[in-house]
$ cat protein10.txt   # compact mmCIF, C-alpha atoms
# COMPACT_ATOMS: atom_id res chain seq x y z
CA MET A 1 -5.58 237.91 186.84
CA ASP A 2 -2.57 237.80 189.15
CA TRP A 3 0.19 235.20 189.03
CA GLU A 4 3.27 234.33 191.03
CA LYS A 5 5.92 231.65 190.89
CA ALA A 6 4.93 228.53 192.81
CA PRO A 7 8.07 226.94 194.29
CA ASP A 8 5.95 224.52 196.35
CA VAL A 9 4.39 223.17 193.16
CA LYS A 10 7.83 222.91 191.53
CA ARG A 11 9.07 220.87 194.54
CA ASP A 12 6.09 218.53 194.17
CA ILE A 13 6.76 218.15 190.43
CA VAL A 14 10.42 217.30 191.07
CA LYS A 15 9.43 214.74 193.73
CA ILE A 16 6.87 213.15 191.40
CA LEU A 17 9.43 212.93 188.60
CA LYS A 18 12.04 211.37 190.91
CA THR A 19 9.50 208.77 192.04
CA LEU A 20 7.78 207.83 188.79
CA ASP A 21 9.38 206.58 185.59
CA LEU A 22 8.87 209.60 183.32
CA PRO A 23 12.47 210.11 182.10
CA TYR A 24 11.46 212.12 179.04
CA ILE A 25 10.28 215.04 181.18
CA LYS A 26 12.98 217.62 181.92
CA PRO A 27 12.25 219.20 185.32
CA SER A 28 14.52 222.14 184.51
CA ARG A 29 12.20 223.06 181.62
CA ILE A 30 9.00 222.97 183.72
CA TYR A 31 7.95 226.28 185.25
CA CYS A 32 5.24 226.51 187.91
CA TYR A 33 2.89 229.39 188.66
CA ARG A 34 -0.05 230.00 190.96
CA THR A 35 -2.78 232.27 189.65
CA GLN A 36 -5.64 234.11 191.28
CA GLY A 37 -8.63 235.74 189.67
CA SER A 38 -9.28 233.23 186.89
CA LYS A 39 -12.87 232.32 186.13
CA SER A 40 -11.84 228.81 185.04
CA ARG A 41 -13.20 225.83 186.95
CA SER A 42 -9.92 223.96 186.45
CA TYR A 43 -7.61 223.01 189.29
CA ALA A 44 -4.57 223.37 187.05
CA ARG A 45 -3.53 223.84 183.45
CA ILE A 46 -0.43 223.18 181.43
CA TRP A 47 0.80 225.63 178.82
CA SER A 48 2.97 224.61 175.91
CA PHE A 49 5.61 226.55 174.04
CA PRO A 50 5.01 226.09 170.30
CA LYS A 51 7.80 225.17 167.89
CA ILE A 52 7.64 228.46 166.02
CA PHE A 53 8.47 230.40 169.21
CA GLN A 54 11.18 227.91 170.17
CA ASP A 55 12.77 228.41 166.76
CA ALA A 56 12.35 232.20 166.71
CA LEU A 57 13.84 232.61 170.19
CA GLU A 58 16.34 229.76 169.75
CA ILE A 59 15.38 228.03 173.00
CA GLU A 60 14.51 224.49 174.06
CA PRO A 61 10.93 223.31 174.58
CA ALA A 62 9.39 224.31 177.90
CA TYR A 63 6.11 223.98 179.76
CA VAL A 64 4.32 226.07 182.37
CA ILE A 65 2.10 224.36 184.91
CA GLU A 66 -0.41 226.81 186.31
CA VAL A 67 -2.36 225.98 189.46
CA LEU A 68 -5.51 227.99 190.04
CA SER A 69 -5.31 228.99 193.68
CA ARG A 70 -9.01 229.16 194.50
CA HIS A 71 -9.48 225.49 193.56
CA PHE A 72 -6.05 223.84 193.81
CA ASP A 73 -5.07 225.18 197.24
CA ARG A 74 -8.18 223.66 198.83
CA LEU A 75 -7.28 220.14 197.71
CA SER A 76 -5.73 217.51 199.96
CA GLU A 77 -2.03 216.81 199.42
CA ASP A 78 -2.91 213.54 197.64
CA ASP A 79 -5.37 215.27 195.32
CA LYS A 80 -2.78 217.95 194.52
CA LYS A 81 -0.28 215.25 193.51
CA HIS A 82 -2.91 213.54 191.37
CA VAL A 83 -3.70 216.81 189.58
CA LEU A 84 0.01 217.45 188.94
CA ILE A 85 0.50 213.93 187.57
CA HIS A 86 -2.46 214.54 185.27
CA GLU A 87 -0.88 217.76 183.98
CA LEU A 88 2.51 216.07 183.45
CA LEU A 89 0.83 213.42 181.30
CA HIS A 90 -0.06 216.14 178.80
CA ILE A 91 3.66 216.31 177.92
CA PRO A 92 4.50 214.10 174.92
CA LYS A 93 7.33 211.57 175.11
CA ASN A 94 9.44 213.63 172.71
CA PHE A 95 9.21 216.71 174.98
CA SER A 96 8.60 218.83 171.90
CA GLY A 97 6.64 221.70 173.40
CA ALA A 98 3.35 220.27 172.12
CA LEU A 99 0.56 218.81 174.29
CA VAL A 100 -1.10 215.39 174.43
CA PRO A 101 -4.93 215.55 174.48
CA HIS A 102 -7.08 213.87 177.14
CA LEU A 103 -8.14 211.11 174.78
CA THR A 104 -5.99 209.35 172.19
CA ARG A 105 -6.41 206.08 170.30
CA SER A 106 -4.17 204.26 172.73
CA ARG A 107 -5.07 205.79 176.11
CA LYS A 108 -7.31 207.91 178.26
CA LEU A 109 -5.15 210.41 180.09
CA GLU A 110 -7.16 210.35 183.33
CA THR A 111 -7.05 206.54 183.50
CA GLU A 112 -3.27 206.73 183.18
CA ALA A 113 -3.14 209.51 185.81
CA LYS A 114 -5.04 207.33 188.30
CA ARG A 115 -2.72 204.39 187.65
CA LEU A 116 0.41 206.52 188.08
CA PHE A 117 -0.93 208.20 191.22
CA LYS A 118 -1.51 204.77 192.76
CA GLU A 119 2.06 203.80 191.79
CA TYR A 120 3.36 207.09 193.24
CA LYS A 121 1.63 206.41 196.56
CA GLU A 122 3.10 202.91 196.73
CA LEU A 123 6.61 204.08 195.92
CA SER A 124 6.43 207.04 198.32
CA LYS A 125 5.84 204.90 201.41

$ encode --input "protein10.txt" --output "structure tokens"
Amino acid sequence: MDWEKAPDVKRDIVKILKTLDLPYIKPSRIYCYRTQGSKSRSYARIWSFPKIFQDALEIEPAYVIEVLSRHFDRLSEDDKKHVLIHELLHIPKNFSGALVPHLTRSRKLETEAKRLFKEYKELSK
């Protein structure tokens, strides 16, 4: 599998975070990569940085958003934004380095992603 930094994805993440009210997410601690050669059917994935590594390396929590080129790059600009919003919603409100699952007692992540994408579109006009 090959990977490279994805500055275009980072720009989209920064724009999304400036538009939506997600103040707990630190854009400076989000890293974006584009991969090729993965067999996954996903458009994108988010990778966490577990507490034990944060402690061992004495660094703050961080996340990597990986877009899988063969699927993500074919999406419309709107669909790309929706996918990125979905990935950002996996980040917990305490920005701990952990991940929020798709389904919790209080919400369905994809339902929230659809709502926030609609809000993003309205605010981006």

$ closest_atom_pairs --input "protein10.txt" --of "stretch 8-93 of chain A" --to "stretch 97-121 of chain A" --cutoff "8 Å" --atoms "all atoms listed in the file" --output "Markdown table"
| residue | atom | partner | partner_atom | distance |
| --- | --- | --- | --- | --- |
| A:Ile16 | CA | A:Tyr120 | CA | 7.2 |
| A:Thr19 | CA | A:Tyr120 | CA | 6.5 |
| A:Leu20 | CA | A:Tyr120 | CA | 6.3 |
| A:Ser48 | CA | A:Gly97 | CA | 5.3 |
| A:Phe49 | CA | A:Gly97 | CA | 5.0 |
| A:Pro50 | CA | A:Gly97 | CA | 5.6 |
| A:Lys51 | CA | A:Gly97 | CA | 6.6 |
| A:Pro61 | CA | A:Gly97 | CA | 4.7 |
| A:Ala62 | CA | A:Gly97 | CA | 5.9 |
| A:Tyr63 | CA | A:Gly97 | CA | 6.8 |
| A:Lys81 | CA | A:Phe117 | CA | 7.4 |
| A:His82 | CA | A:Phe117 | CA | 5.7 |
| A:Ile85 | CA | A:Ala113 | CA | 6.0 |
| A:His86 | CA | A:Ala113 | CA | 5.1 |
| A:Leu89 | CA | A:Leu109 | CA | 6.8 |
| A:His90 | CA | A:Val100 | CA | 4.6 |
| A:Ile91 | CA | A:Leu99 | CA | 5.4 |
| A:Pro92 | CA | A:Val100 | CA | 5.8 |

$ closest_residue --input "protein10.txt" --among "A:Ser42, A:Lys93, A:Phe72, A:Leu84" --to "A:Leu17" --atoms "only C-alpha atoms"
A:Leu84

$ atom_distance --input "protein10.txt" --atom1 "atom CA of A:Arg45" --atom2 "atom CA of A:Lys5"
14.3 Å

$ atom_distance --input "protein10.txt" --atom1 "atom CA of A:Glu60" --atom2 "atom CA of A:Leu22"
18.4 Å

$ atom_distance --input "protein10.txt" --atom1 "atom CA of A:Tyr43" --atom2 "atom CA of A:Ser69"
7.8 Å

$ closest_residue --input "protein10.txt" --among "A:Glu122, A:Asp12, A:Glu58, A:Asp21" --to "A:Lys80" --atoms "all atoms listed in the file"
A:Asp12

$ residues_around --input "protein10.txt" --residues "A:Gln36" --least-positions-apart "6" --cutoff "9 Å" --atoms "all atoms listed in the file" --output "JSON, numbers by chain"
{"A": [1, 2, 3, 4, 67, 68, 69, 70]}

$ closest_residue --input "protein10.txt" --among "A:Leu75, A:Ile52, A:Val64, A:Cys32" --to "A:Val9" --atoms "all atoms listed in the file"
A:Cys32

$ closest_residue --input "protein10.txt" --among "A:Lys39, A:Lys125, A:Arg74, A:Lys10" --to "A:Leu88" --atoms "only C-alpha atoms"
A:Lys10
